[in-house]
>>> print(open('data.txt').read())   # compact mmCIF, C-alpha atoms
# COMPACT_ATOMS: atom_id res chain seq x y z
CA MET A 1 0.00 0.00 0.00
CA SER A 2 2.80 2.42 0.86
CA GLU A 3 4.24 1.96 -2.64
CA LEU A 4 0.87 2.93 -4.16
CA ILE A 5 0.57 6.27 -2.35
CA PRO A 6 3.25 8.11 -4.41
CA LEU A 7 1.65 6.81 -7.60
CA LEU A 8 -1.79 8.00 -6.49
CA LEU A 9 -0.42 11.43 -5.62
CA THR A 10 1.28 11.57 -9.03
CA ALA A 11 -1.97 10.69 -10.80
CA LEU A 12 -3.82 13.34 -8.78
CA ALA A 13 -1.17 15.92 -9.67
CA LEU A 14 -1.44 15.04 -13.37
CA GLY A 15 -5.15 15.73 -13.24
CA LEU A 16 -4.58 19.08 -11.51
CA LEU A 17 -1.74 20.12 -13.82
CA GLY A 18 -3.80 19.24 -16.86
CA GLY A 19 -6.40 21.84 -15.91
CA GLY A 20 -5.43 24.07 -18.82
CA HIS A 21 -6.04 21.24 -21.26
CA CYS A 22 -9.35 20.42 -19.57
CA ILE A 23 -10.57 23.96 -20.17
CA GLY A 24 -9.68 23.82 -23.84
CA MET A 25 -10.91 20.27 -24.38
CA CYS A 26 -13.96 20.03 -22.14
CA GLY A 27 -14.74 23.60 -21.09
CA GLY A 28 -17.14 24.17 -23.97
CA LEU A 29 -18.72 20.76 -23.47
CA MET A 30 -19.16 21.39 -19.75
CA GLY A 31 -20.83 24.69 -20.56
CA ALA A 32 -23.11 22.96 -23.05
CA LEU A 33 -24.02 20.30 -20.50
CA THR A 34 -24.82 23.02 -17.98
CA MET A 35 -27.08 24.74 -20.51
CA ALA A 36 -28.78 21.37 -21.06
CA ILE A 37 -30.12 21.62 -17.52
CA PRO A 38 -33.61 23.19 -17.38
CA ALA A 39 -33.27 26.93 -16.65
CA GLU A 40 -35.10 26.73 -13.32
CA GLU A 41 -32.54 24.21 -12.01
CA ARG A 42 -29.36 26.08 -12.94
CA GLN A 43 -28.73 27.30 -9.41
CA GLY A 44 -28.07 26.01 -5.92
CA TRP A 45 -28.17 22.32 -5.09
CA PRO A 46 -30.05 21.26 -8.27
CA LEU A 47 -27.11 22.56 -10.34
CA TRP A 48 -24.48 21.06 -8.03
CA ARG A 49 -26.26 17.71 -8.07
CA VAL A 50 -26.20 17.48 -11.85
CA LEU A 51 -22.61 18.74 -12.20
CA LEU A 52 -21.44 16.19 -9.63
CA GLY A 53 -23.38 13.52 -11.53
CA TYR A 54 -21.62 14.40 -14.79
CA ASN A 55 -18.22 14.16 -13.19
CA LEU A 56 -19.01 11.03 -11.19
CA GLY A 57 -19.92 9.26 -14.43
CA ARG A 58 -16.86 10.65 -16.22
CA ILE A 59 -14.44 9.54 -13.51
CA ALA A 60 -16.12 6.12 -13.36
CA SER A 61 -15.40 5.71 -17.08
CA TYR A 62 -11.74 6.64 -16.50
CA SER A 63 -11.50 3.99 -13.78
CA ALA A 64 -13.21 1.41 -16.00
CA ALA A 65 -10.74 2.13 -18.81
CA GLY A 66 -7.90 1.80 -16.32
CA ALA A 67 -9.19 -1.56 -15.11
CA LEU A 68 -9.67 -2.74 -18.70
CA LEU A 69 -6.14 -1.93 -19.83
CA GLY A 70 -4.64 -2.83 -16.46
CA SER A 71 -6.18 -6.31 -16.77
CA LEU A 72 -3.80 -6.85 -19.68
CA GLY A 73 -0.93 -6.59 -17.19
CA TRP A 74 0.28 -10.03 -18.18
CA LEU A 75 1.52 -8.40 -21.40
CA ALA A 76 3.71 -6.10 -19.35
CA ARG A 77 5.00 -8.96 -17.22
CA ASP A 78 5.18 -12.03 -19.46
CA ALA A 79 5.73 -10.39 -22.85
CA GLY A 80 8.16 -7.82 -21.48
CA LEU A 81 6.11 -4.86 -22.70
CA GLY A 82 6.31 -2.93 -19.43
CA PRO A 83 9.32 -0.79 -20.47
CA ALA A 84 7.77 -0.13 -23.89
CA LEU A 85 4.53 1.05 -22.28
CA ARG A 86 6.50 3.35 -19.99
CA VAL A 87 8.35 4.84 -22.96
CA ILE A 88 5.08 5.48 -24.79
CA ALA A 89 3.51 6.98 -21.67
CA GLY A 90 6.56 9.19 -21.09
CA LEU A 91 6.54 10.46 -24.67
CA LEU A 92 2.82 11.21 -24.44
CA MET A 93 3.39 13.11 -21.19
CA ILE A 94 6.07 15.19 -22.89
CA ALA A 95 3.70 15.84 -25.80
CA MET A 96 1.04 16.88 -23.29
CA GLY A 97 3.44 19.34 -21.64
CA LEU A 98 4.31 20.84 -25.02
CA TYR A 99 0.60 21.14 -25.78
CA LEU A 100 -0.17 22.83 -22.44
CA ALA A 101 2.54 25.41 -23.13
CA ASN A 102 1.32 25.95 -26.72
CA TRP A 103 4.75 24.88 -27.99
CA TRP A 104 3.53 21.94 -30.10
CA ALA A 105 0.02 20.71 -30.91
CA GLY A 106 0.96 17.23 -32.12
CA LEU A 107 -1.06 15.65 -29.32
CA THR A 108 -4.26 16.54 -31.16
CA ARG A 109 -3.31 13.98 -33.81
CA ILE A 110 -3.20 11.29 -31.13
CA GLU A 111 -6.68 12.29 -29.98
CA ALA A 112 -7.93 11.50 -33.47
CA VAL A 113 -7.42 7.80 -32.63
CA GLY A 114 -10.45 7.85 -30.36
CA ARG A 115 -12.78 9.70 -32.69
CA GLY A 116 -13.92 6.47 -34.31
CA LEU A 117 -15.39 5.29 -31.00
CA TRP A 118 -16.77 8.72 -30.14
CA LYS A 119 -18.88 8.96 -33.31
CA TYR A 120 -20.87 5.97 -32.04
CA LEU A 121 -21.19 7.34 -28.50
CA GLN A 122 -22.12 10.90 -29.42
CA PRO A 123 -25.69 10.00 -30.49
CA VAL A 124 -26.14 8.23 -27.14
CA ALA A 125 -25.07 11.40 -25.35
CA ARG A 126 -27.55 13.48 -27.33
CA ARG A 127 -30.42 11.19 -26.37
CA LEU A 128 -29.62 11.80 -22.69
CA MET A 129 -30.20 15.55 -22.97
CA PRO A 130 -31.73 17.67 -21.55
CA VAL A 131 -30.72 16.43 -18.12
CA THR A 132 -33.46 16.47 -15.49
CA HIS A 133 -32.18 14.15 -12.74
CA MET A 134 -28.90 12.88 -11.28
CA PRO A 135 -28.95 9.28 -12.64
CA GLN A 136 -29.33 10.76 -16.12
CA ALA A 137 -26.41 13.09 -15.42
CA ILE A 138 -24.26 10.15 -14.28
CA ALA A 139 -25.11 8.21 -17.45
CA LEU A 140 -24.25 11.22 -19.62
CA GLY A 141 -21.01 11.73 -17.72
CA ALA A 142 -20.10 8.07 -18.24
CA VAL A 143 -20.45 8.56 -22.00
CA TRP A 144 -18.50 11.82 -21.81
CA GLY A 145 -15.63 9.96 -20.13
CA TRP A 146 -14.84 8.27 -23.47
CA LEU A 147 -14.37 11.58 -25.30
CA PRO A 148 -11.00 11.49 -27.15
CA CYS A 149 -8.45 13.24 -24.92
CA GLY A 150 -4.66 13.12 -25.13
CA LEU A 151 -4.31 13.85 -21.41
CA VAL A 152 -6.48 10.85 -20.57
CA TYR A 153 -4.70 8.62 -23.10
CA SER A 154 -1.24 9.44 -21.79
CA THR A 155 -2.27 8.93 -18.16
CA LEU A 156 -4.09 5.71 -19.07
CA ILE A 157 -1.05 4.18 -20.73
CA TRP A 158 1.11 5.18 -17.76
CA ALA A 159 -1.42 3.67 -15.33
CA SER A 160 -1.74 0.44 -17.32
CA SER A 161 2.05 0.07 -17.43
CA GLN A 162 1.85 -0.80 -13.71
CA GLY A 163 0.57 -4.23 -14.83
CA SER A 164 -2.39 -4.49 -12.44
CA ALA A 165 -6.10 -3.85 -13.05
CA PRO A 166 -6.85 -2.63 -9.47
CA VAL A 167 -3.79 -0.35 -9.43
CA SER A 168 -4.50 1.03 -12.89
CA ALA A 169 -8.16 1.68 -12.00
CA SER A 170 -7.11 3.40 -8.75
CA LEU A 171 -4.64 5.64 -10.57
CA MET A 172 -7.26 6.67 -13.13
CA LEU A 173 -9.68 7.38 -10.27
CA ALA A 174 -7.09 9.64 -8.62
CA PHE A 175 -6.39 11.32 -11.96
CA GLY A 176 -10.12 11.95 -12.48
CA LEU A 177 -10.41 13.49 -9.03
CA GLY A 178 -7.51 15.77 -9.94
CA THR A 179 -9.45 17.10 -12.94
CA LEU A 180 -12.57 17.67 -10.85
CA PRO A 181 -11.88 21.21 -9.51
CA THR A 182 -11.27 22.65 -12.97
CA LEU A 183 -14.32 21.09 -14.59
CA LEU A 184 -16.59 21.94 -11.67
CA ALA A 185 -15.37 25.53 -11.88
CA THR A 186 -16.09 25.51 -15.60
CA GLY A 187 -19.63 24.26 -15.03
CA LEU A 188 -20.19 26.84 -12.28
CA ALA A 189 -18.59 29.63 -14.35
CA ALA A 190 -16.02 30.28 -11.61
CA GLN A 191 -14.29 33.05 -13.52
CA LYS A 192 -11.48 33.72 -11.02
CA MET A 193 -10.24 30.13 -11.07
CA LEU A 194 -10.60 29.83 -14.82
CA ALA A 195 -8.71 33.11 -15.32
CA LEU A 196 -5.91 31.81 -13.08
CA LEU A 197 -5.61 28.56 -15.03
CA ARG A 198 -5.49 30.48 -18.31
CA ARG A 199 -2.59 32.68 -17.20
CA ARG A 200 0.52 31.88 -19.21
CA PRO A 201 2.92 31.51 -16.23
CA VAL A 202 0.56 28.95 -14.68
CA ARG A 203 0.25 27.03 -17.94
CA ILE A 204 4.03 27.08 -18.52
CA THR A 205 4.73 25.87 -14.98
CA ALA A 206 2.22 23.03 -15.35
CA ALA A 207 3.65 22.18 -18.79
CA VAL A 208 7.23 21.99 -17.51
CA LEU A 209 6.21 19.79 -14.58
CA VAL A 210 4.32 17.40 -16.90
CA ILE A 211 7.31 17.27 -19.28
CA LEU A 212 9.66 16.48 -16.38
CA PHE A 213 7.33 13.72 -15.23
CA GLY A 214 7.26 12.36 -18.77
CA ILE A 215 11.05 12.25 -18.84
CA TRP A 216 11.09 10.54 -15.43
CA THR A 217 8.54 7.97 -16.63
CA ILE A 218 10.76 6.78 -19.48
CA PRO A 219 12.89 3.86 -18.23
CA GLY A 220 16.49 4.76 -17.50
CA PRO A 221 19.14 4.57 -14.76
CA HIS A 222 16.73 6.19 -12.29
CA THR A 223 14.27 3.30 -12.81
CA ALA A 224 16.80 0.78 -11.56
CA TRP A 225 17.69 3.12 -8.70
CA VAL A 226 14.05 3.34 -7.59
CA MET A 227 13.53 -0.42 -7.96
CA ARG A 228 16.56 -1.04 -5.74
CA GLY A 229 15.16 1.29 -3.11
CA GLY A 230 17.45 4.28 -3.57
CA HIS A 231 21.00 4.75 -2.37
CA GLY A 232 20.45 2.52 0.64
CA ALA A 233 19.93 -0.49 -1.60
CA HIS A 234 23.55 -0.35 -2.70
CA ALA A 235 24.91 -0.61 0.82
CA HIS A 236 25.51 -4.05 2.31
CA SER A 237 26.70 -5.34 5.63
CA ASP A 238 29.74 -7.49 6.28
CA ASP A 239 27.41 -10.48 6.55
CA ASP A 240 26.07 -10.06 3.03
CA PRO A 241 27.41 -12.59 0.55
CA VAL A 242 29.85 -11.12 -1.94
CA VAL A 243 29.22 -12.38 -5.45
CA PRO A 244 32.25 -12.48 -7.71
CA SER A 245 32.07 -10.03 -10.58
CA HIS A 246 32.21 -12.78 -13.21
CA GLU A 247 29.03 -14.30 -11.69
CA THR A 248 26.99 -11.12 -11.60
CA GLY A 249 26.81 -10.78 -15.37
CA ASN A 250 24.40 -8.04 -16.23
CA ALA A 251 23.10 -7.62 -12.70
CA HIS A 252 23.04 -3.85 -13.08
CA THR A 253 21.13 -3.89 -16.32
CA HIS A 254 17.92 -1.90 -15.83
CA HIS A 255 14.56 -2.30 -17.48
>>> encode(input="data.txt", output="structure tokens")
Amino acid sequence: MSELIPLLLTALALGLLGGGHCIGMCGGLMGALTMAIPAEERQGWPLWRVLLGYNLGRIASYSAAGALLGSLGWLARDAGLGPALRVIAGLLMIAMGLYLANWWAGLTRIEAVGRGLWKYLQPVARRLMPVTHMPQAIALGAVWGWLPCGLVYSTLIWASSQGSAPVSASLMLAFGLGTLPTLLATGLAAQKMLALLRRRPVRITAAVLVILFGIWTIPGPHTAWVMRGGHGAHAHSDDDPVVPSHETGNAHTHH
């Protein structure tokens, strides 16, 4: 469990840092969903109830996708695809950082991959509007969760590279919770928060942090260092067996 906490915090941070992308990608949709609520219910608890329903359904879809891909963890373990998945996830994180900073928009091409699925789901979403009660909002949010999104794709591949369905689902849940403040603010038209997230210094800072995380995700010497438990893992007592160098072979080879 203690090993999972840093991963959960990382997933949560990715959701928070991706706030700028969420505004650009889902801000208009969130506004449209809010306008789909009958006018007399666009205030107070009736509005909060529906907005929470949207996001509950959306985050549930993220977790389901995490469980689905995470269930293929045997590929990462038995077929040796774990390092490859980490490389792909790291590159996507870097692309996301470049997108957040408006330095490169190549990530939008990756989002095109999911448009084939979305064209089948979009009519379902339309049939669920206008929203009049929370279960309907949850169902609409669950459909919305499959909207093509580079931020979700990159986080999903990173989460699935852990090779476990429960872990991957938990990471996507934490990621979804990280996106919640931004999208709730968008639905509630919280102008101060949205203005803060749109400020260039904030976007650049978030972009650089995401890029650094992407670089850290790609397997390298640091991966072996973490797997050995840090500097302390290299120390040994006098009672530890000393293995001759010709027997160690490639003991220091990392994934």
>>> closest_residue(input="data.txt", among="A:Val167, A:Ala89, A:Leu33, A:Ala195", to="Phe213 (chain A)", atoms="all atoms listed in the file")
A:Ala89
>>> atom_distance(input="data.txt", atom1="CA of Ser160 (chain A)", atom2="CA of Gln122 (chain A)")
25.9 Å
>>> atom_distance(input="data.txt", atom1="CA of Trp158 (chain A)", atom2="CA of Gly176 (chain A)")
14.1 Å
>>> residues_around(input="data.txt", residues="Ser71 (chain A)", least_positions_apart="6", cutoff="8 Å", atoms="only C-alpha atoms", output="list of chain:residue names")
A:Gly163, A:Ser164, A:Ala165
>>> closest_residue(input="data.txt", among="A:Leu188, A:Leu16, A:Leu196, A:Leu177", to="Trp45 (chain A)", atoms="only C-alpha atoms")
A:Leu188
>>> closest_residue(input="data.txt", among="A:Pro219, A:Gly53, A:Gly97, A:Gly145", to="Gly19 (chain A)", atoms="only C-alpha atoms")
A:Gly97
>>> atom_distance(input="data.txt", atom1="CA of Ala64 (chain A)", atom2="CA of Thr186 (chain A)")
24.3 Å
>>> residues_around(input="data.txt", residues="Ala84 (chain A)", least_positions_apart="4", cutoff="9 Å", atoms="only C-alpha atoms", output="PyMOL selection string")
chain A and resi 76+80+88-89+161+218-219
>>> closest_residue(input="data.txt", among="A:Leu68, A:Ala32, A:Leu56, A:Ala137", to="Ala169 (chain A)", atoms="only C-alpha atoms")
A:Leu68
>>> residues_around(input="data.txt", residues="region 206-210 of chain A", least_positions_apart="6", cutoff="8 Å", atoms="all atoms listed in the file", output="short mmCIF file (atom, residue, chain, number, x, y, z; two decimals) with C-alpha atoms, in the frame of the given file")
data_model
loop_
_atom_site.label_atom_id
_atom_site.label_comp_id
_atom_site.auth_asym_id
_atom_site.auth_seq_id
_atom_site.Cartn_x
_atom_site.Cartn_y
_atom_site.Cartn_z
CA LEU A 14 -1.44 15.04 -13.37
CA LEU A 17 -1.74 20.12 -13.82
CA GLY A 18 -3.80 19.24 -16.86
CA MET A 93 3.39 13.11 -21.19
CA ILE A 94 6.07 15.19 -22.89
CA MET A 96 1.04 16.88 -23.29
CA GLY A 97 3.44 19.34 -21.64
CA LEU A 98 4.31 20.84 -25.02
CA TYR A 99 0.60 21.14 -25.78
CA LEU A 100 -0.17 22.83 -22.44
CA ALA A 101 2.54 25.41 -23.13
#
>>> axis_aligned_box(input="data.txt", around="region 160-178 of chain A", padding_each_side="5 Å", output="lines of an AutoDock Vina configuration file")
center_x = -4.2
center_y = 5.6
center_z = -13.0
size_x = 22.5
size_y = 30.3
size_z = 18.8
>>> residues_near_point(input="data.txt", point="(-26.3, 19.5, -19.0)", cutoff="9 Å", atoms="all atoms listed in the file", output="PDB file with C-alpha atoms, keeping the file's coordinate frame")
ATOM      1  CA  LEU A  29     -18.720  20.760 -23.470  1.00  0.00           C
ATOM      2  CA  MET A  30     -19.160  21.390 -19.750  1.00  0.00           C
ATOM      3  CA  GLY A  31     -20.830  24.690 -20.560  1.00  0.00           C
ATOM      4  CA  ALA A  32     -23.110  22.960 -23.050  1.00  0.00           C
ATOM      5  CA  LEU A  33     -24.020  20.300 -20.500  1.00  0.00           C
ATOM      6  CA  THR A  34     -24.820  23.020 -17.980  1.00  0.00           C
ATOM      7  CA  MET A  35     -27.080  24.740 -20.510  1.00  0.00           C
ATOM      8  CA  ALA A  36     -28.780  21.370 -21.060  1.00  0.00           C
ATOM      9  CA  ILE A  37     -30.120  21.620 -17.520  1.00  0.00           C
ATOM     10  CA  PRO A  38     -33.610  23.190 -17.380  1.00  0.00           C
ATOM     11  CA  VAL A  50     -26.200  17.480 -11.850  1.00  0.00           C
ATOM     12  CA  LEU A  51     -22.610  18.740 -12.200  1.00  0.00           C
ATOM     13  CA  TYR A  54     -21.620  14.400 -14.790  1.00  0.00           C
ATOM     14  CA  MET A 129     -30.200  15.550 -22.970  1.00  0.00           C
ATOM     15  CA  PRO A 130     -31.730  17.670 -21.550  1.00  0.00           C
ATOM     16  CA  VAL A 131     -30.720  16.430 -18.120  1.00  0.00           C
ATOM     17  CA  THR A 132     -33.460  16.470 -15.490  1.00  0.00           C
ATOM     18  CA  ALA A 137     -26.410  13.090 -15.420  1.00  0.00           C
ATOM     19  CA  LEU A 140     -24.250  11.220 -19.620  1.00  0.00           C
TER      20      LEU A 140
END
>>> closest_residue(input="data.txt", among="A:Glu111, A:Gly73, A:Ser154, A:Val143", to="Asn55 (chain A)", atoms="all atoms listed in the file")
A:Val143
>>> residues_around(input="data.txt", residues="Gly90 (chain A)", least_positions_apart="6", cutoff="6 Å", atoms="all atoms listed in the file", output="list of chain:residue names")
A:Gly214, A:Ile215, A:Thr217, A:Ile218
>>> write_last_selection(input="data.txt", atoms="C-alpha atoms", output="PDB file, in the coordinates of the input")
ATOM      1  CA  GLY A 214       7.260  12.360 -18.770  1.00  0.00           C
ATOM      2  CA  ILE A 215      11.050  12.250 -18.840  1.00  0.00           C
ATOM      3  CA  THR A 217       8.540   7.970 -16.630  1.00  0.00           C
ATOM      4  CA  ILE A 218      10.760   6.780 -19.480  1.00  0.00           C
TER       5      ILE A 218
END
>>> residues_near_point(input="data.txt", point="(-5.3, 4.9, -21.1)", cutoff="10 Å", atoms="all atoms listed in the file", output="PDB file with C-alpha atoms, in the frame of the given file")
ATOM      1  CA  TYR A  62     -11.740   6.640 -16.500  1.00  0.00           C
ATOM      2  CA  SER A  63     -11.500   3.990 -13.780  1.00  0.00           C
ATOM      3  CA  ALA A  65     -10.740   2.130 -18.810  1.00  0.00           C
ATOM      4  CA  GLY A  66      -7.900   1.800 -16.320  1.00  0.00           C
ATOM      5  CA  ALA A  67      -9.190  -1.560 -15.110  1.00  0.00           C
ATOM      6  CA  LEU A  68      -9.670  -2.740 -18.700  1.00  0.00           C
ATOM      7  CA  LEU A  69      -6.140  -1.930 -19.830  1.00  0.00           C
ATOM      8  CA  GLY A  70      -4.640  -2.830 -16.460  1.00  0.00           C
ATOM      9  CA  ALA A  89       3.510   6.980 -21.670  1.00  0.00           C
ATOM     10  CA  CYS A 149      -8.450  13.240 -24.920  1.00  0.00           C
ATOM     11  CA  GLY A 150      -4.660  13.120 -25.130  1.00  0.00           C
ATOM     12  CA  LEU A 151      -4.310  13.850 -21.410  1.00  0.00           C
ATOM     13  CA  VAL A 152      -6.480  10.850 -20.570  1.00  0.00           C
ATOM     14  CA  TYR A 153      -4.700   8.620 -23.100  1.00  0.00           C
ATOM     15  CA  SER A 154      -1.240   9.440 -21.790  1.00  0.00           C
ATOM     16  CA  THR A 155      -2.270   8.930 -18.160  1.00  0.00           C
ATOM     17  CA  LEU A 156      -4.090   5.710 -19.070  1.00  0.00           C
ATOM     18  CA  ILE A 157      -1.050   4.180 -20.730  1.00  0.00           C
ATOM     19  CA  TRP A 158       1.110   5.180 -17.760  1.00  0.00           C
ATOM     20  CA  ALA A 159      -1.420   3.670 -15.330  1.00  0.00           C
ATOM     21  CA  SER A 160      -1.740   0.440 -17.320  1.00  0.00           C
ATOM     22  CA  SER A 161       2.050   0.070 -17.430  1.00  0.00           C
ATOM     23  CA  SER A 168      -4.500   1.030 -12.890  1.00  0.00           C
ATOM     24  CA  MET A 172      -7.260   6.670 -13.130  1.00  0.00           C
TER      25      MET A 172
END
>>> closest_residue(input="data.txt", among="A:Arg126, A:Arg42, A:Arg49, A:Arg58", to="Ala142 (chain A)", atoms="all atoms listed in the file")
A:Arg58
